[in-house]
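Data block for final-v8.csv (CSV, C-alpha atoms and all ligand atoms):
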chain,number,residue,atom,x,y,z
A,1,MET,CA,3.5,-6.7,3.2
A,2,GLU,CA,6.5,-6.4,1.0
A,3,GLY,CA,7.7,-9.7,-0.5
A,4,VAL,CA,5.0,-11.8,1.1
A,5,ILE,CA,1.5,-10.5,0.4
A,6,ASP,CA,0.7,-9.9,-3.2
A,7,ALA,CA,-2.6,-9.7,-5.1
A,8,LEU,CA,-3.1,-13.5,-5.1
A,9,THR,CA,-2.5,-13.7,-1.4
A,10,ARG,CA,-4.8,-10.7,-0.7
A,11,ASP,CA,-7.5,-12.5,-2.7
A,12,LEU,CA,-7.1,-15.7,-0.7
A,13,ILE,CA,-7.0,-13.9,2.6
A,14,THR,CA,-9.9,-11.5,2.0
A,15,ARG,CA,-12.1,-14.3,0.8
A,16,GLN,CA,-12.1,-15.6,4.3
A,17,GLY,CA,-14.2,-12.6,5.4
A,18,GLY,CA,-14.0,-10.0,8.1
A,19,TRP,CA,-11.5,-7.6,6.4
A,20,SER,CA,-12.6,-4.0,5.9
A,21,PHE,CA,-9.7,-3.0,3.7
A,22,CYS,CA,-6.1,-4.1,2.9
A,23,VAL,CA,-3.0,-2.3,1.8
A,24,THR,CA,-0.5,-3.2,-0.9
A,25,GLU,CA,3.2,-3.8,-0.6
A,26,PHE,CA,4.9,-0.4,-0.7
A,27,VAL,CA,5.9,1.2,-4.0
A,28,ARG,CA,9.2,2.9,-3.4
A,29,ILE,CA,9.4,6.4,-4.8
A,30,THR,CA,12.8,7.9,-5.4
A,31,GLN,CA,13.6,10.3,-8.3
A,32,ASP,CA,11.5,8.8,-11.1
A,33,LYS,CA,8.0,9.2,-12.2
A,34,GLN,CA,6.7,5.6,-12.3
A,35,PRO,CA,4.6,4.4,-15.2
A,36,ARG,CA,1.1,3.2,-14.5
A,37,ARG,CA,2.2,-0.3,-15.2
A,38,VAL,CA,4.3,-0.3,-12.0
A,39,PHE,CA,1.2,0.4,-9.9
A,40,HIS,CA,-0.8,-2.2,-11.8
A,41,ARG,CA,1.9,-4.8,-11.2
A,42,ILE,CA,1.9,-4.2,-7.5
A,43,CYS,CA,-1.8,-3.7,-7.4
A,44,PRO,CA,-3.7,-5.5,-10.2
A,45,GLU,CA,-6.9,-4.8,-8.3
A,46,LEU,CA,-6.6,-1.1,-9.5
A,47,ARG,CA,-8.1,-2.4,-12.8
A,48,GLN,CA,-11.1,-3.8,-10.8
A,49,ASN,CA,-12.1,-0.7,-9.0
A,50,ALA,CA,-9.4,-1.2,-6.4
A,51,LEU,CA,-11.3,-4.1,-4.9
A,52,THR,CA,-10.2,-7.7,-4.3
A,53,PRO,CA,-12.4,-10.3,-5.9
A,54,ALA,CA,-14.2,-10.6,-2.6
A,55,GLY,CA,-15.0,-6.9,-2.8
A,56,VAL,CA,-12.5,-5.7,-0.1
A,57,PRO,CA,-11.0,-2.2,-0.9
A,58,VAL,CA,-7.2,-2.2,-1.5
A,59,HIS,CA,-5.2,0.9,-0.6
A,60,LEU,CA,-2.1,1.6,-2.5
A,61,GLN,CA,1.0,2.3,-0.4
A,62,LEU,CA,3.8,4.6,-1.3
A,63,LEU,CA,7.1,5.0,0.4
A,64,GLY,CA,9.5,7.8,-0.1
A,65,SER,CA,10.7,11.2,1.2
A,66,ASP,CA,10.8,13.6,-1.7
A,67,PRO,CA,7.5,15.6,-1.4
A,68,GLU,CA,7.4,16.5,-5.1
A,69,MET,CA,8.1,13.1,-6.4
A,70,LEU,CA,5.6,11.5,-4.0
A,71,ALA,CA,3.0,13.9,-5.2
A,72,ILE,CA,3.7,13.3,-8.9
A,73,ASN,CA,3.6,9.5,-8.3
A,74,ALA,CA,0.4,9.8,-6.2
A,75,ARG,CA,-1.2,11.4,-9.2
A,76,VAL,CA,-0.1,8.6,-11.4
A,77,ALA,CA,-1.4,6.1,-8.9
A,78,ALA,CA,-4.7,7.9,-9.0
A,79,SER,CA,-4.8,7.8,-12.8
A,80,ALA,CA,-4.0,4.1,-12.6
A,81,GLY,CA,-7.1,3.6,-10.5
A,82,ALA,CA,-6.1,4.0,-6.8
A,83,LYS,CA,-9.0,5.0,-4.6
A,84,VAL,CA,-7.0,5.5,-1.4
A,85,VAL,CA,-3.3,6.2,-1.1
A,86,ASP,CA,-1.3,5.3,2.0
A,87,LEU,CA,2.1,6.6,3.0
A,88,ASN,CA,4.6,4.4,4.8
A,89,PHE,CA,6.5,5.9,7.7
A,90,GLY,CA,7.2,2.5,9.3
A,91,CYS,CA,9.5,0.5,7.2
A,92,PRO,CA,12.7,-0.4,9.1
A,93,ALA,CA,14.7,-1.8,6.1
A,94,LYS,CA,18.2,-0.6,5.7
A,95,THR,CA,18.1,0.2,2.0
A,96,VAL,CA,14.9,2.2,2.5
A,97,ASN,CA,16.1,4.1,5.5
A,98,ARG,CA,19.5,4.9,4.0
A,99,HIS,CA,17.6,7.0,1.5
A,100,LEU,CA,15.5,8.6,4.1
A,101,GLY,CA,12.3,6.6,3.5
A,102,GLY,CA,10.0,4.7,5.8
A,103,ALA,CA,10.8,5.0,9.6
A,104,SER,CA,13.9,7.0,9.2
A,105,LEU,CA,11.8,10.1,8.3
A,106,LEU,CA,10.3,10.0,11.8
A,107,ARG,CA,13.4,11.8,13.1
A,108,TYR,CA,12.2,14.9,11.2
A,109,PRO,CA,8.5,15.7,11.8
A,110,GLU,CA,8.8,18.7,9.4
A,111,GLN,CA,9.8,16.3,6.6
A,112,VAL,CA,7.0,13.9,7.5
A,113,TYR,CA,4.6,16.9,7.2
A,114,ALA,CA,6.1,18.1,3.9
A,115,ALA,CA,5.8,14.6,2.4
A,116,ALA,CA,2.3,14.0,3.5
A,117,ARG,CA,1.1,17.6,2.7
A,118,ALA,CA,2.4,17.3,-0.9
A,119,VAL,CA,0.6,14.1,-1.4
A,120,ALA,CA,-2.6,15.2,0.3
A,121,ASP,CA,-2.7,18.3,-1.8
A,122,ALA,CA,-2.1,16.4,-5.0
A,123,LEU,CA,-4.9,13.9,-4.2
A,124,ARG,CA,-7.5,16.3,-2.7
A,125,PRO,CA,-8.7,17.7,-6.0
A,126,LEU,CA,-9.2,14.1,-7.2
A,127,GLY,CA,-11.3,13.2,-4.2
A,128,ILE,CA,-8.8,10.6,-3.1
A,129,PRO,CA,-8.1,10.3,0.6
A,130,LEU,CA,-4.6,9.9,2.0
A,131,THR,CA,-3.9,7.6,4.9
A,132,ALA,CA,-0.7,6.9,6.7
A,133,LYS,CA,1.2,4.3,8.7
A,134,MET,CA,3.8,5.2,11.3
A,135,ARG,CA,6.0,3.6,13.9
A,136,LEU,CA,6.4,5.3,17.3
A,137,GLY,CA,9.7,6.8,16.3
A,138,TYR,CA,13.2,5.9,15.0
A,139,GLN,CA,15.4,5.6,18.1
A,140,ASP,CA,12.8,6.4,20.7
A,141,THR,CA,9.3,7.7,21.2
A,142,GLU,CA,10.2,11.3,21.8
A,143,LEU,CA,8.7,12.6,18.5
A,144,ALA,CA,5.7,10.2,18.3
A,145,LEU,CA,3.1,12.9,19.1
A,146,ASP,CA,4.8,15.5,16.9
A,147,ASN,CA,4.9,13.1,13.9
A,148,ALA,CA,1.2,12.1,14.4
A,149,ARG,CA,0.2,15.8,14.6
A,150,ALA,CA,2.3,16.6,11.5
A,151,LEU,CA,0.4,13.9,9.6
A,152,GLN,CA,-2.9,15.2,10.7
A,153,GLU,CA,-2.1,18.8,9.9
A,154,ALA,CA,-0.9,17.6,6.5
A,155,GLY,CA,-4.3,16.2,5.8
A,156,ILE,CA,-4.4,12.5,6.3
A,157,SER,CA,-7.8,10.9,7.0
A,158,GLN,CA,-6.6,7.8,9.0
A,159,LEU,CA,-3.5,6.7,10.8
A,160,VAL,CA,-2.3,3.2,11.6
A,161,VAL,CA,0.2,3.1,14.4
A,162,HIS,CA,2.7,0.2,14.5
A,163,ALA,CA,3.3,0.4,18.2
A,164,ARG,CA,7.1,0.0,18.1
A,165,THR,CA,10.1,2.2,17.2
A,166,LYS,CA,12.3,1.4,14.2
A,167,VAL,CA,15.0,0.3,16.6
A,168,GLN,CA,12.6,-2.2,18.2
A,169,GLY,CA,12.2,-3.8,14.9
A,170,TYR,CA,9.7,-6.7,15.3
A,171,LYS,CA,10.6,-7.5,18.8
A,172,PRO,CA,7.7,-8.1,21.2
A,173,PRO,CA,6.0,-6.5,23.0
A,174,ALA,CA,4.2,-3.8,21.1
A,175,GLN,CA,3.7,-0.6,23.1
A,176,TRP,CA,-0.1,-0.4,22.7
A,177,GLU,CA,-0.3,2.3,25.4
A,178,TRP,CA,1.3,4.6,22.9
A,179,VAL,CA,-1.5,4.2,20.5
A,180,ALA,CA,-3.8,5.6,23.2
A,181,ARG,CA,-1.5,8.6,23.7
A,182,ILE,CA,-1.4,9.2,19.9
A,183,ALA,CA,-5.2,8.8,19.5
A,184,GLU,CA,-5.7,11.4,22.2
A,185,VAL,CA,-4.1,14.1,20.1
A,186,MET,CA,-5.8,13.1,16.8
A,187,ASP,CA,-9.1,13.9,15.3
A,188,VAL,CA,-8.9,11.3,12.5
A,189,PRO,CA,-9.4,7.6,13.2
A,190,VAL,CA,-6.4,5.8,14.6
A,191,LEU,CA,-5.8,2.1,14.3
A,192,ALA,CA,-3.6,0.0,16.5
A,193,ASN,CA,-1.1,-2.4,14.9
A,194,GLY,CA,1.5,-4.8,16.2
A,195,GLU,CA,1.6,-8.3,18.0
A,196,ILE,CA,-2.1,-9.1,17.6
A,197,TRP,CA,-2.0,-12.8,16.9
A,198,THR,CA,-5.1,-14.0,18.7
A,199,LEU,CA,-8.5,-12.8,19.9
A,200,GLU,CA,-7.0,-12.6,23.4
A,201,ASP,CA,-4.2,-10.4,22.1
A,202,TYR,CA,-6.9,-8.2,20.4
A,203,GLN,CA,-8.8,-7.9,23.7
A,204,ARG,CA,-5.6,-6.9,25.6
A,205,CYS,CA,-4.8,-4.4,22.9
A,206,VAL,CA,-8.2,-2.8,23.2
A,207,ALA,CA,-8.0,-2.8,27.0
A,208,VAL,CA,-4.5,-1.0,26.9
A,209,SER,CA,-5.1,1.3,23.9
A,210,GLY,CA,-8.8,2.0,24.1
A,211,ILE,CA,-8.9,1.5,20.4
A,212,ARG,CA,-11.2,-1.0,18.8
A,213,ASP,CA,-10.0,-0.8,15.2
A,214,VAL,CA,-6.8,-2.7,14.5
A,215,MET,CA,-4.6,-3.6,11.5
A,216,LEU,CA,-3.3,-7.1,11.4
A,217,GLY,CA,0.1,-7.6,9.7
A,218,ARG,CA,1.7,-11.0,9.9
A,219,THR,CA,-1.6,-12.4,11.3
A,220,ALA,CA,-3.1,-11.9,7.9
A,221,MET,CA,-0.9,-14.9,7.0
A,222,THR,CA,-0.8,-16.9,10.2
A,223,ASP,CA,-4.5,-16.6,11.0
A,224,PRO,CA,-6.6,-14.8,8.3
A,225,TRP,CA,-9.8,-15.8,10.2
A,226,LEU,CA,-9.0,-13.5,13.1
A,227,ALA,CA,-10.5,-10.5,11.3
A,228,ARG,CA,-13.8,-12.4,11.1
A,229,GLN,CA,-13.5,-13.6,14.7
A,230,ILE,CA,-13.1,-10.0,16.0
A,231,ARG,CA,-16.3,-9.0,14.2
A,232,GLN,CA,-18.1,-12.1,15.7
A,233,HIS,CA,-16.8,-11.1,19.1
A,234,HIS,CA,-18.2,-7.6,18.8
A,235,ALA,CA,-21.5,-8.9,17.5
A,236,GLY,CA,-21.8,-11.2,20.6
A,237,GLU,CA,-21.7,-14.2,18.3
A,238,ALA,CA,-20.0,-17.5,19.1
A,239,VAL,CA,-16.3,-17.4,17.9
A,240,THR,CA,-14.8,-20.5,16.4
A,241,ALA,CA,-11.1,-20.7,17.1
A,242,THR,CA,-8.8,-21.3,14.0
A,243,GLU,CA,-7.1,-24.6,13.7
A,244,PHE,CA,-3.6,-25.0,12.4
A,245,GLY,CA,-4.8,-27.4,9.7
A,246,GLN,CA,-7.0,-24.7,8.2
A,247,VAL,CA,-3.9,-22.5,7.7
A,248,LEU,CA,-2.1,-25.3,6.0
A,249,GLN,CA,-5.0,-25.9,3.7
A,250,LEU,CA,-4.8,-22.2,2.8
A,251,LEU,CA,-1.1,-22.7,1.8
A,252,VAL,CA,-2.2,-25.6,-0.5
A,253,GLN,CA,-4.9,-23.4,-2.0
A,254,TRP,CA,-2.4,-20.7,-2.6
A,255,LEU,CA,-0.1,-23.1,-4.4
A,256,GLN,CA,-2.9,-24.4,-6.5
A,257,GLN,CA,-4.3,-21.0,-7.6
A,258,PRO,CA,-4.6,-21.1,-11.4
A,259,ALA,CA,-3.5,-17.5,-12.0
A,260,GLN,CA,-0.1,-18.0,-10.3
A,261,ALA,CA,2.3,-15.2,-11.3
A,262,TYR,CA,5.5,-17.1,-10.2
A,263,GLN,CA,7.6,-19.9,-11.5
A,264,GLU,CA,7.5,-23.1,-9.5
A,265,ASP,CA,10.8,-22.5,-7.6
A,266,VAL,CA,9.5,-19.1,-6.4
A,267,ARG,CA,6.2,-20.6,-5.4
A,268,VAL,CA,8.0,-23.2,-3.4
A,269,MET,CA,10.3,-20.6,-1.8
A,270,ARG,CA,7.4,-18.3,-0.9
A,271,THR,CA,5.4,-21.2,0.7
A,272,LYS,CA,8.5,-22.0,2.8
A,273,GLN,CA,8.7,-18.4,3.9
A,274,TRP,CA,5.0,-18.6,4.8
A,275,LEU,CA,5.8,-21.7,6.9
A,276,VAL,CA,8.6,-19.8,8.7
A,277,MET,CA,6.1,-17.1,9.6
A,278,LEU,CA,3.6,-19.7,10.9
A,279,ARG,CA,6.1,-20.7,13.5
A,280,LEU,CA,5.5,-17.3,15.2
A,281,ARG,CA,1.9,-18.2,15.9
A,282,TRP,CA,1.7,-21.9,15.8
A,283,GLY,CA,4.9,-22.8,17.6
A,284,GLU,CA,6.0,-26.4,17.7
A,285,ALA,CA,3.4,-27.7,15.2
A,286,ALA,CA,4.6,-25.3,12.6
A,287,HIS,CA,8.2,-26.0,13.4
A,288,GLN,CA,7.6,-29.7,12.6
A,289,VAL,CA,5.8,-29.0,9.3
A,290,PHE,CA,8.6,-26.6,8.3
A,291,ASP,CA,11.3,-29.2,9.1
A,292,ALA,CA,9.4,-31.8,7.0
A,293,CYS,CA,9.1,-29.4,4.1
A,294,LYS,CA,12.3,-27.4,4.1
A,295,ARG,CA,14.1,-29.7,1.6
A,296,CYS,CA,11.1,-29.9,-0.8
A,297,GLU,CA,12.1,-28.6,-4.2
A,298,THR,CA,9.0,-29.2,-6.2
A,299,GLU,CA,5.4,-28.1,-5.7
A,300,ASP,CA,4.0,-31.6,-5.8
A,301,GLU,CA,6.4,-32.7,-3.1
A,302,LEU,CA,5.5,-29.7,-1.0
A,303,ILE,CA,1.7,-30.3,-1.4
A,304,GLY,CA,2.2,-33.9,-0.6
A,305,PHE,CA,3.9,-33.0,2.7
A,306,LEU,CA,1.3,-30.4,3.5
A,307,ASP,CA,-1.5,-32.8,2.8
A,308,GLN,CA,0.1,-35.4,5.0
A,309,ALA,CA,0.4,-32.9,7.8
A,310,ILE,CA,-3.2,-31.8,7.5
A,311,ARG,CA,-4.3,-35.5,7.7
A,312,ILE,CA,-2.3,-36.1,10.8
A,313,LEU,CA,-3.4,-33.0,12.7
B,401,LIG,C1,7.9,-9.3,5.7
B,401,LIG,C2,7.2,-8.0,6.1
B,401,LIG,C3,6.9,-7.1,5.1
B,401,LIG,C4,6.3,-5.9,5.5
B,401,LIG,N1,6.0,-5.0,4.5
B,401,LIG,C5,5.2,-3.9,4.8
B,401,LIG,C6,4.8,-3.0,3.8
B,401,LIG,O1,5.1,-3.1,2.6
B,401,LIG,N2,4.1,-1.9,4.2
B,401,LIG,C7,3.8,-1.7,5.6
B,401,LIG,O2,3.1,-0.7,5.9
B,401,LIG,N3,4.1,-2.5,6.5
B,401,LIG,C8,4.9,-3.6,6.2
B,401,LIG,N4,5.2,-4.5,7.2
B,401,LIG,C9,4.9,-4.2,8.6
B,401,LIG,C10,3.5,-4.8,8.9
B,401,LIG,O3,2.5,-4.2,8.1
B,401,LIG,C11,3.1,-4.6,10.4
B,401,LIG,O4,3.1,-3.2,10.6
B,401,LIG,C12,4.1,-5.2,11.3
B,401,LIG,O5,4.5,-6.5,10.9
B,401,LIG,C13,3.6,-5.2,12.8
B,401,LIG,O6,2.3,-5.8,12.8
B,401,LIG,P1,2.1,-7.4,13.1
B,401,LIG,O7,2.7,-7.6,14.5
B,401,LIG,O8,0.6,-7.5,13.1
B,401,LIG,O9,2.8,-8.2,12.1
B,401,LIG,C14,5.9,-5.7,6.8
B,401,LIG,C15,6.2,-6.6,7.8
B,401,LIG,C16,6.9,-7.8,7.4
B,401,LIG,C17,7.2,-8.8,8.5
Hey, can you dump this file as structure tokens for me?
Amino acid sequence: MEGVIDALTRDLITRQGGWSFCVTEFVRITQDKQPRRVFHRICPELRQNALTPAGVPVHLQLLGSDPEMLAINARVAASAGAKVVDLNFGCPAKTVNRHLGGASLLRYPEQVYAAARAVADALRPLGIPLTAKMRLGYQDTELALDNARALQEAGISQLVVHARTKVQGYKPPAQWEWVARIAEVMDVPVLANGEIWTLEDYQRCVAVSGIRDVMLGRTAMTDPWLARQIRQHHAGEAVTATEFGQVLQLLVQWLQQPAQAYQEDVRVMRTKQWLVMLRLRWGEAAHQVFDACKRCETEDELIGFLDQAIRIL
């Protein structure tokens, strides 16, 4: 997730277990051939066989609209070590959409096809699969099935469906019933995405979509143990619910990681962003911690407040 989940965060999250793969922040492709170092910066794991330290595969995500440039850059990504490339047709950001990238392309299934086809063709001889992520559409769902079919015809091997249109942004609910409709016309695996915060949400999503495989977005940060709990649930094992204090401990661990790539002020800012996201899942408890921490300027101060909150909880 762009701006919030980098390699260090992926490491911390995937170490908690249960994750089968993860995807990088998108690399935006416009008119330039990116040097390999760009892919290594976004995805340092490419140097380690595209695996997180816990051994979870990392897929490299590209976002763009120009088929030729996407194909050229997909080849560079492959030479940099990518094992799976993913194409983003879901990003709602204005800058991205203005240049016909992300979700804006969903208005033109033939362009979705052209972009995916060029990348799939470039990667096929290298034995590298192409996957994709789409929303249900731009303004409405009218072209959802056409876009999914276009991606399949183009040669993707897996599709994640964020069950909302671009216009719906991140507003709940997610329309999981649409994942079922899309899966019906697809031969490749389809994963459901959107608004799965708890095991109960997951069970409702399965009931509505008929899909067992899901992608967790913001929940990777608000409850990284949900992935493991879903597996425990399927194995018929006892599921231990996550406690808010565990999540705060994870933030402290993130701040204390030795290989930090950021200056202190950025670390403090990103931790506060993380706390903001926690409010979506943990409500009042997270509001209170955020209020207590929002004026912190140093890492020590922030860790002090977080430790205090963990002790009180
Ligand atoms: C801050 C932020 C950054 C995101 N960046 C990406 C991204 O780079 N690539 C992508 O495919 N999706 C990105 N997403 C979308 C999520 O992957 C996911 O599809 C969306 O949040 C819905 O799922 P959720 O309800 O589980 O969070 C981003 C979402 C947020 C909130």
- Contact residues around range 28-43 of chain A with only C-alpha atoms at 9 Å, ignoring same-chain residues under 4 positions, as an MDAnalysis selection string: chainID A and resid 6:7 24 47 50 58:66 69:70 72:73 76:77 79:82 96 99 101
- Just how far from CA of Trp178 in chain A is CA of His234 in chain A, in Å to one decimal? 23.4 Å
- Task: Taking only C-alpha atoms and all ligand atoms into account, report as a list in words which residues have an atom no farther than 7 Å from an atom of ligand LIG 401 (chain B).
- Result: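 Checked against 7 Å with only C-alpha atoms and all ligand atoms; the hits are Met1, Glu2, Gly3, Val4, Thr24, Glu25, Phe26, Gln61, Asn88, Gly90, Cys91, Lys133, His162, Tyr170, Asn193, Gly194, Glu195, Ile196, Met215, Leu216, Gly217, Arg218 and Thr219 of chain A.
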Close residues, range 117-120 of chain A itself excluded, 12 Å, only C-alpha atoms, min 6 positions apart in chain, as a compact mmCIF listing (two decimals) with C-alpha atoms, in the coordinates of the input:
# COMPACT_ATOMS: atom_id res chain seq x y z
CA GLN A 61 1.00 2.30 -0.40
CA LEU A 62 3.80 4.60 -1.30
CA LEU A 63 7.10 5.00 0.40
CA GLY A 64 9.50 7.80 -0.10
CA SER A 65 10.70 11.20 1.20
CA ASP A 66 10.80 13.60 -1.70
CA PRO A 67 7.50 15.60 -1.40
CA GLU A 68 7.40 16.50 -5.10
CA MET A 69 8.10 13.10 -6.40
CA LEU A 70 5.60 11.50 -4.00
CA ALA A 71 3.00 13.90 -5.20
CA ILE A 72 3.70 13.30 -8.90
CA ASN A 73 3.60 9.50 -8.30
CA ALA A 74 0.40 9.80 -6.20
CA ARG A 75 -1.20 11.40 -9.20
CA VAL A 76 -0.10 8.60 -11.40
CA ALA A 77 -1.40 6.10 -8.90
CA ALA A 78 -4.70 7.90 -9.00
CA VAL A 84 -7.00 5.50 -1.40
CA VAL A 85 -3.30 6.20 -1.10
CA ASP A 86 -1.30 5.30 2.00
CA LEU A 87 2.10 6.60 3.00
CA PRO A 109 8.50 15.70 11.80
CA GLU A 110 8.80 18.70 9.40
CA GLN A 111 9.80 16.30 6.60
CA LEU A 126 -9.20 14.10 -7.20
CA GLY A 127 -11.30 13.20 -4.20
CA ILE A 128 -8.80 10.60 -3.10
CA PRO A 129 -8.10 10.30 0.60
CA LEU A 130 -4.60 9.90 2.00
CA THR A 131 -3.90 7.60 4.90
CA ALA A 132 -0.70 6.90 6.70
CA ALA A 150 2.30 16.60 11.50
CA LEU A 151 0.40 13.90 9.60
CA GLN A 152 -2.90 15.20 10.70
CA GLU A 153 -2.10 18.80 9.90
CA ALA A 154 -0.90 17.60 6.50
CA GLY A 155 -4.30 16.20 5.80
CA ILE A 156 -4.40 12.50 6.30
CA SER A 157 -7.80 10.90 7.00
- For Leu248 in chain A, the nearest of the candidates A:Glu177, A:Asp121, A:Asp187, A:Asp307, counting only C-alpha atoms: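 Between A:Glu177, A:Asp121, A:Asp187, A:Asp307, the residue approaching Leu248 in chain A most closely is A:Asp307.
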- For Val179 in chain A, list every protein, DNA or RNA residue within 12 Å, evaluated using all atoms listed in the file, and leave out those in the same chain fewer than 4 positions away; present the list as a PyMOL selection string. chain A and resi 134-136+141+144-145+148+159-164+174-175+183-186+189-194+205-214
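Using only C-alpha atoms for every distance, the candidate list A:Cys293, A:Pro258, A:Tyr108, A:Thr240 yields A:Cys293 as the residue closest to Leu275 in chain A.
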- Message: With 12 Å as the threshold, what does the neighbourhood of (4.3, -31.4, -0.1) contain in terms of residues, counting all atoms listed in the file? Coordinates are those of the file; answer as a ChimeraX atom specification.
- Response: /A:248-249,251-252,255-256,268,271-272,289-310
- Query: With all atoms listed in the file as the basis for distance, which of A:Ala261, A:Leu123, A:Ile312, A:Leu199 is at the shortest distance from Asp223 in chain A?
  - Reply: A:Leu199
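Distance-wise, CA of Lys166 in chain A and CA of Arg281 in chain A end up 22.3 Å apart.
Atom pair CA of Gln48 in chain A / CA of Tyr262 in chain A: separated by 21.3 Å.
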- Between A:Gln139, A:Asn147, A:Gln253, A:Thr198, smallest distance to Arg267 in chain A by only C-alpha atoms belongs to A:Gln253
- Selection: 9 Å around range 242-245 of chain A, only C-alpha atoms, excl. self and same-chain fewer than 6 positions, as number ranges by chain: A: 222-226, 282, 285-286, 309-311, 313
Hey, can you spit out that residue selection with C-alpha atoms as a PDB file, in the coordinates of the input?
ATOM      1  CA  THR A 222      -0.800 -16.900  10.200  1.00  0.00           C
ATOM      2  CA  ASP A 223      -4.500 -16.600  11.000  1.00  0.00           C
ATOM      3  CA  PRO A 224      -6.600 -14.800   8.300  1.00  0.00           C
ATOM      4  CA  TRP A 225      -9.800 -15.800  10.200  1.00  0.00           C
ATOM      5  CA  LEU A 226      -9.000 -13.500  13.100  1.00  0.00           C
ATOM      6  CA  TRP A 282       1.700 -21.900  15.800  1.00  0.00           C
ATOM      7  CA  ALA A 285       3.400 -27.700  15.200  1.00  0.00           C
ATOM      8  CA  ALA A 286       4.600 -25.300  12.600  1.00  0.00           C
ATOM      9  CA  ALA A 309       0.400 -32.900   7.800  1.00  0.00           C
ATOM     10  CA  ILE A 310      -3.200 -31.800   7.500  1.00  0.00           C
ATOM     11  CA  ARG A 311      -4.300 -35.500   7.700  1.00  0.00           C
ATOM     12  CA  LEU A 313      -3.400 -33.000  12.700  1.00  0.00           C
TER      13      LEU A 313
END
